[in-house]
Amino acid sequence: MHKIENVILDLGGVLYTLDFTFVCDGFYRKCGKTVIDIQNVLYAEDLFISYETGKISSFQYYDAVISRLAYKMSFQEFREIWNSILVKRDDMFRFTLMLKRYANIFILSNTNELNAEVLEKDLLPITSKIIYSFKVGCMKPDQKIYRTALEEWCITPEKTVFIDDLEENVAAARLLGIHSHLFSGARGFINFLKKARILPYTLIEEVEQTFSVSNRNTPG
């Protein structure tokens, strides 16, 4: 493996927990629809994919959702409920700031405009090199978004690792020669970084303490 210089991180499932319960409960308290009905409206393929890829605006998405739910609420109310899905993982943010000392950090995320407004503030200390699906008009696992990232950031696959929590996204990155890791938790992530030799061994203990993972419980 070439010396790794670049780390591309996903957001939902890696730096953030996506709490769909918060969102559905918020809409349930407002309109009284069942959770299934709310999910079917919010994540209807014709609507949600268009929003995540920037084909419709935030207001158009909001307008379509409240129309299908047959309930009126202000755009601000909608924004607050919609953005409640994002639960920041403080341990991962602390770790990423440590990782930043040894590698260039990038963000590649399937994200919509409203969520991005919240994310931008959190991500500022980590990196300004961010690609959101709604800005480039395509989503992972479409290889177009990976190629766009490599070209825009002027980085090469062999010196780059990609971290994501979805197998199809990781598989797509690997097809382009990008070293990739399927994120399922701290222990596996730390072991991957050890093997990739991104972190000096002097920092391994500090990293494991960040995640509350003891050395004796970490597989060798």
# chains A, B, ... in the order shown; residues from 1 in each chain; ligands from 1
>>> select_by_dssp(residues="region 15-205 of chain A", states="alpha helix (DSSP H)", output="VMD selection string")
chain A and resid 20 to 31 35 to 42 45 to 52 58 to 69 75 to 83 90 to 99 113 to 123 133 to 136 143 to 153 167 to 175 186 to 196 204 to 205
>>> select_by_dssp(residues="region 7-141 of chain A", states="strand (DSSP E or B)", output="PDB file with N, CA and C atoms, in the first residue's frame")
ATOM      1  N   VAL A   7      -7.727  11.152   3.757  1.00  0.00           N
ATOM      2  CA  VAL A   7      -8.821  10.378   4.336  1.00  0.00           C
ATOM      3  C   VAL A   7     -10.135  11.071   3.978  1.00  0.00           C
ATOM      4  N   ILE A   8     -10.996  10.329   3.275  1.00  0.00           N
ATOM      5  CA  ILE A   8     -12.330  10.840   2.925  1.00  0.00           C
ATOM      6  C   ILE A   8     -13.333  10.200   3.868  1.00  0.00           C
ATOM      7  N   LEU A   9     -14.088  11.023   4.573  1.00  0.00           N
ATOM      8  CA  LEU A   9     -15.059  10.534   5.545  1.00  0.00           C
ATOM      9  C   LEU A   9     -16.493  10.786   5.091  1.00  0.00           C
ATOM     10  N   GLY A  12     -23.179  10.816   7.881  1.00  0.00           N
ATOM     11  CA  GLY A  12     -24.176  10.011   8.575  1.00  0.00           C
ATOM     12  C   GLY A  12     -23.719   8.579   8.765  1.00  0.00           C
ATOM     13  N   TYR A  16     -21.681  11.384  12.400  1.00  0.00           N
ATOM     14  CA  TYR A  16     -22.987  11.640  13.013  1.00  0.00           C
ATOM     15  C   TYR A  16     -23.788  10.349  13.085  1.00  0.00           C
ATOM     16  N   THR A  17     -24.620  10.258  14.109  1.00  0.00           N
ATOM     17  CA  THR A  17     -25.672   9.260  14.135  1.00  0.00           C
ATOM     18  C   THR A  17     -26.897   9.891  13.497  1.00  0.00           C
ATOM     19  N   LEU A  18     -27.560   9.151  12.625  1.00  0.00           N
ATOM     20  CA  LEU A  18     -28.789   9.654  12.016  1.00  0.00           C
ATOM     21  C   LEU A  18     -29.965   9.083  12.794  1.00  0.00           C
ATOM     22  N   LEU A  86     -29.774  14.855  12.917  1.00  0.00           N
ATOM     23  CA  LEU A  86     -28.313  14.876  13.050  1.00  0.00           C
ATOM     24  C   LEU A  86     -27.883  14.889  14.517  1.00  0.00           C
ATOM     25  N   VAL A  87     -27.245  13.819  14.944  1.00  0.00           N
ATOM     26  CA  VAL A  87     -26.726  13.726  16.309  1.00  0.00           C
ATOM     27  C   VAL A  87     -25.208  13.596  16.216  1.00  0.00           C
ATOM     28  N   LYS A  88     -24.524  14.623  16.611  1.00  0.00           N
ATOM     29  CA  LYS A  88     -23.067  14.682  16.484  1.00  0.00           C
ATOM     30  C   LYS A  88     -22.397  13.653  17.389  1.00  0.00           C
ATOM     31  N   ASN A 104      -4.655  14.509   5.286  1.00  0.00           N
ATOM     32  CA  ASN A 104      -5.605  15.505   4.799  1.00  0.00           C
ATOM     33  C   ASN A 104      -7.012  14.940   4.943  1.00  0.00           C
ATOM     34  N   ILE A 105      -7.923  15.728   5.488  1.00  0.00           N
ATOM     35  CA  ILE A 105      -9.283  15.263   5.741  1.00  0.00           C
ATOM     36  C   ILE A 105     -10.247  15.866   4.721  1.00  0.00           C
ATOM     37  N   PHE A 106     -11.093  14.994   4.155  1.00  0.00           N
ATOM     38  CA  PHE A 106     -12.112  15.409   3.204  1.00  0.00           C
ATOM     39  C   PHE A 106     -13.450  14.800   3.617  1.00  0.00           C
ATOM     40  N   ILE A 107     -14.539  15.430   3.177  1.00  0.00           N
ATOM     41  CA  ILE A 107     -15.880  14.924   3.469  1.00  0.00           C
ATOM     42  C   ILE A 107     -16.615  14.681   2.165  1.00  0.00           C
ATOM     43  N   LEU A 108     -17.202  13.490   2.031  1.00  0.00           N
ATOM     44  CA  LEU A 108     -18.021  13.151   0.865  1.00  0.00           C
ATOM     45  C   LEU A 108     -19.329  12.558   1.377  1.00  0.00           C
ATOM     46  N   SER A 109     -20.425  13.275   1.144  1.00  0.00           N
ATOM     47  CA  SER A 109     -21.662  12.896   1.815  1.00  0.00           C
ATOM     48  C   SER A 109     -22.896  13.063   0.929  1.00  0.00           C
ATOM     49  N   ILE A 130     -15.289  19.810   1.303  1.00  0.00           N
ATOM     50  CA  ILE A 130     -16.517  19.042   1.491  1.00  0.00           C
ATOM     51  C   ILE A 130     -17.273  18.973   0.164  1.00  0.00           C
ATOM     52  N   ILE A 131     -17.746  17.781  -0.173  1.00  0.00           N
ATOM     53  CA  ILE A 131     -18.628  17.629  -1.328  1.00  0.00           C
ATOM     54  C   ILE A 131     -19.936  17.013  -0.838  1.00  0.00           C
ATOM     55  N   TYR A 132     -21.027  17.746  -1.082  1.00  0.00           N
ATOM     56  CA  TYR A 132     -22.365  17.267  -0.769  1.00  0.00           C
ATOM     57  C   TYR A 132     -23.060  16.846  -2.059  1.00  0.00           C
TER      58      TYR A 132
END
>>> closest_residue(among="A:Asp37, A:Asp90, A:Asp10, A:Glu113", to="Tyr61 (chain A)", atoms="only C-alpha atoms")
A:Glu113
>>> closest_residue(among="A:Phe189, A:Tyr102, A:Tyr146, A:Tyr62", to="Asp165 (chain A)", atoms="only C-alpha atoms")
A:Phe189
>>> residues_around(residues="Tyr71 (chain A)", least_positions_apart="3", cutoff="10 Å", atoms="only C-alpha atoms", output="PyMOL selection string")
chain A and resi 27+30-33+65-68
>>> residues_around(residues="Leu150 (chain A)", least_positions_apart="6", cutoff="10 Å", atoms="only C-alpha atoms", output="list in words")
Thr156, Pro157, Thr160 and Ile178 of chain A
>>> atom_distance(atom1="CA of Arg197 (chain A)", atom2="CA of Ala103 (chain A)")
10.8 Å
>>> closest_residue(among="A:His181, A:Lys121, A:Lys159, A:Lys140", to="Thr53 (chain A)", atoms="only C-alpha atoms")
A:Lys140
>>> residues_around(residues="Leu123 (chain A)", least_positions_apart="4", cutoff="10 Å", atoms="only C-alpha atoms", output="short mmCIF file (atom, residue, chain, number, x, y, z; two decimals) with N, CA and C atoms, in the first residue's frame")
data_model
loop_
_atom_site.label_atom_id
_atom_site.label_comp_id
_atom_site.auth_asym_id
_atom_site.auth_seq_id
_atom_site.Cartn_x
_atom_site.Cartn_y
_atom_site.Cartn_z
N LEU A 11 -20.47 11.23 6.50
CA LEU A 11 -21.01 11.93 7.67
C LEU A 11 -21.99 11.06 8.45
N LEU A 15 -19.46 10.30 11.33
CA LEU A 15 -19.28 11.45 12.22
C LEU A 15 -20.58 11.83 12.94
N PHE A 93 -15.51 13.22 16.35
CA PHE A 93 -14.99 14.56 16.03
C PHE A 93 -13.64 14.77 16.71
N ILE A 107 -14.54 15.43 3.18
CA ILE A 107 -15.88 14.92 3.47
C ILE A 107 -16.62 14.68 2.16
N ALA A 116 -27.09 20.44 5.47
CA ALA A 116 -25.77 21.03 5.26
C ALA A 116 -25.60 22.33 6.04
N VAL A 118 -26.52 22.93 9.01
CA VAL A 118 -26.08 22.56 10.36
C VAL A 118 -24.66 22.00 10.31
N LEU A 119 -24.41 21.15 9.33
CA LEU A 119 -23.13 20.47 9.23
C LEU A 119 -21.96 21.43 9.04
N THR A 127 -12.38 20.49 8.34
CA THR A 127 -11.99 20.69 6.95
C THR A 127 -12.96 21.62 6.24
N SER A 128 -12.47 22.26 5.19
CA SER A 128 -13.33 23.06 4.31
C SER A 128 -13.53 22.33 2.99
N LYS A 129 -12.91 21.15 2.86
CA LYS A 129 -12.98 20.39 1.61
C LYS A 129 -14.11 19.37 1.73
N ILE A 130 -15.29 19.81 1.30
CA ILE A 130 -16.52 19.04 1.49
C ILE A 130 -17.27 18.97 0.16
#
>>> atom_distance(atom1="CA of Ala196 (chain A)", atom2="CA of Ile4 (chain A)")
7.0 Å
>>> residues_around(residues="Asp19 (chain A)", least_positions_apart="3", cutoff="12 Å", atoms="only C-alpha atoms", output="number ranges by chain")
A: 12-13, 16, 22-26, 81-89
>>> atom_distance(atom1="CA of Tyr51 (chain A)", atom2="CA of Phe134 (chain A)")
7.0 Å
>>> closest_residue(among="A:Tyr201, A:Lys72, A:Glu206, A:Glu151", to="Arg94 (chain A)", atoms="only C-alpha atoms")
A:Glu206
>>> decode(residues="region 25-48 of chain A", atoms="N, CA and C atoms", output="PDB file, in the first residue's frame")
ATOM      1  N   ASP A  25     -40.887  11.389  15.155  1.00  0.00           N
ATOM      2  CA  ASP A  25     -41.624  11.815  16.349  1.00  0.00           C
ATOM      3  C   ASP A  25     -42.013  13.284  16.251  1.00  0.00           C
ATOM      4  N   GLY A  26     -41.094  14.091  15.711  1.00  0.00           N
ATOM      5  CA  GLY A  26     -41.375  15.524  15.565  1.00  0.00           C
ATOM      6  C   GLY A  26     -42.552  15.771  14.660  1.00  0.00           C
ATOM      7  N   PHE A  27     -42.608  15.084  13.535  1.00  0.00           N
ATOM      8  CA  PHE A  27     -43.742  15.244  12.623  1.00  0.00           C
ATOM      9  C   PHE A  27     -45.010  14.618  13.187  1.00  0.00           C
ATOM     10  N   TYR A  28     -44.858  13.500  13.903  1.00  0.00           N
ATOM     11  CA  TYR A  28     -46.023  12.852  14.516  1.00  0.00           C
ATOM     12  C   TYR A  28     -46.703  13.796  15.510  1.00  0.00           C
ATOM     13  N   ARG A  29     -45.900  14.467  16.336  1.00  0.00           N
ATOM     14  CA  ARG A  29     -46.473  15.388  17.323  1.00  0.00           C
ATOM     15  C   ARG A  29     -47.199  16.564  16.653  1.00  0.00           C
ATOM     16  N   LYS A  30     -46.766  16.900  15.454  1.00  0.00           N
ATOM     17  CA  LYS A  30     -47.389  18.021  14.747  1.00  0.00           C
ATOM     18  C   LYS A  30     -48.657  17.610  13.998  1.00  0.00           C
ATOM     19  N   CYS A  31     -48.565  16.497  13.253  1.00  0.00           N
ATOM     20  CA  CYS A  31     -49.681  16.175  12.350  1.00  0.00           C
ATOM     21  C   CYS A  31     -50.458  14.925  12.731  1.00  0.00           C
ATOM     22  N   GLY A  32     -49.937  14.109  13.645  1.00  0.00           N
ATOM     23  CA  GLY A  32     -50.675  12.941  14.102  1.00  0.00           C
ATOM     24  C   GLY A  32     -50.686  11.767  13.140  1.00  0.00           C
ATOM     25  N   LYS A  33     -49.947  11.851  12.040  1.00  0.00           N
ATOM     26  CA  LYS A  33     -49.872  10.735  11.095  1.00  0.00           C
ATOM     27  C   LYS A  33     -49.043   9.604  11.699  1.00  0.00           C
ATOM     28  N   THR A  34     -49.255   8.400  11.205  1.00  0.00           N
ATOM     29  CA  THR A  34     -48.465   7.272  11.694  1.00  0.00           C
ATOM     30  C   THR A  34     -47.021   7.416  11.233  1.00  0.00           C
ATOM     31  N   VAL A  35     -46.119   6.744  11.952  1.00  0.00           N
ATOM     32  CA  VAL A  35     -44.699   6.782  11.604  1.00  0.00           C
ATOM     33  C   VAL A  35     -44.482   6.262  10.187  1.00  0.00           C
ATOM     34  N   ILE A  36     -45.182   5.201   9.825  1.00  0.00           N
ATOM     35  CA  ILE A  36     -45.047   4.641   8.482  1.00  0.00           C
ATOM     36  C   ILE A  36     -45.476   5.655   7.427  1.00  0.00           C
ATOM     37  N   ASP A  37     -46.588   6.326   7.669  1.00  0.00           N
ATOM     38  CA  ASP A  37     -47.056   7.342   6.719  1.00  0.00           C
ATOM     39  C   ASP A  37     -46.039   8.471   6.580  1.00  0.00           C
ATOM     40  N   ILE A  38     -45.480   8.888   7.704  1.00  0.00           N
ATOM     41  CA  ILE A  38     -44.488   9.977   7.691  1.00  0.00           C
ATOM     42  C   ILE A  38     -43.236   9.545   6.931  1.00  0.00           C
ATOM     43  N   GLN A  39     -42.745   8.346   7.200  1.00  0.00           N
ATOM     44  CA  GLN A  39     -41.567   7.846   6.494  1.00  0.00           C
ATOM     45  C   GLN A  39     -41.820   7.737   5.000  1.00  0.00           C
ATOM     46  N   ASN A  40     -43.000   7.257   4.633  1.00  0.00           N
ATOM     47  CA  ASN A  40     -43.331   7.098   3.221  1.00  0.00           C
ATOM     48  C   ASN A  40     -43.361   8.431   2.482  1.00  0.00           C
ATOM     49  N   VAL A  41     -43.721   9.485   3.202  1.00  0.00           N
ATOM     50  CA  VAL A  41     -43.738  10.817   2.581  1.00  0.00           C
ATOM     51  C   VAL A  41     -42.324  11.395   2.531  1.00  0.00           C
ATOM     52  N   LEU A  42     -41.642  11.418   3.678  1.00  0.00           N
ATOM     53  CA  LEU A  42     -40.315  12.043   3.748  1.00  0.00           C
ATOM     54  C   LEU A  42     -39.306  11.396   2.810  1.00  0.00           C
ATOM     55  N   TYR A  43     -39.368  10.065   2.698  1.00  0.00           N
ATOM     56  CA  TYR A  43     -38.347   9.351   1.952  1.00  0.00           C
ATOM     57  C   TYR A  43     -38.887   8.708   0.668  1.00  0.00           C
ATOM     58  N   ALA A  44     -40.000   9.244   0.188  1.00  0.00           N
ATOM     59  CA  ALA A  44     -40.520   8.800  -1.112  1.00  0.00           C
ATOM     60  C   ALA A  44     -39.431   9.025  -2.162  1.00  0.00           C
ATOM     61  N   GLU A  45     -39.159   7.995  -2.942  1.00  0.00           N
ATOM     62  CA  GLU A  45     -38.017   8.050  -3.858  1.00  0.00           C
ATOM     63  C   GLU A  45     -38.100   9.226  -4.824  1.00  0.00           C
ATOM     64  N   ASP A  46     -39.280   9.506  -5.340  1.00  0.00           N
ATOM     65  CA  ASP A  46     -39.417  10.591  -6.314  1.00  0.00           C
ATOM     66  C   ASP A  46     -39.120  11.952  -5.699  1.00  0.00           C
ATOM     67  N   LEU A  47     -39.279  12.046  -4.378  1.00  0.00           N
ATOM     68  CA  LEU A  47     -39.109  13.324  -3.688  1.00  0.00           C
ATOM     69  C   LEU A  47     -37.739  13.436  -3.023  1.00  0.00           C
ATOM     70  N   PHE A  48     -37.393  12.444  -2.228  1.00  0.00           N
ATOM     71  CA  PHE A  48     -36.172  12.506  -1.429  1.00  0.00           C
ATOM     72  C   PHE A  48     -34.918  12.508  -2.299  1.00  0.00           C
TER      73      PHE A  48
END
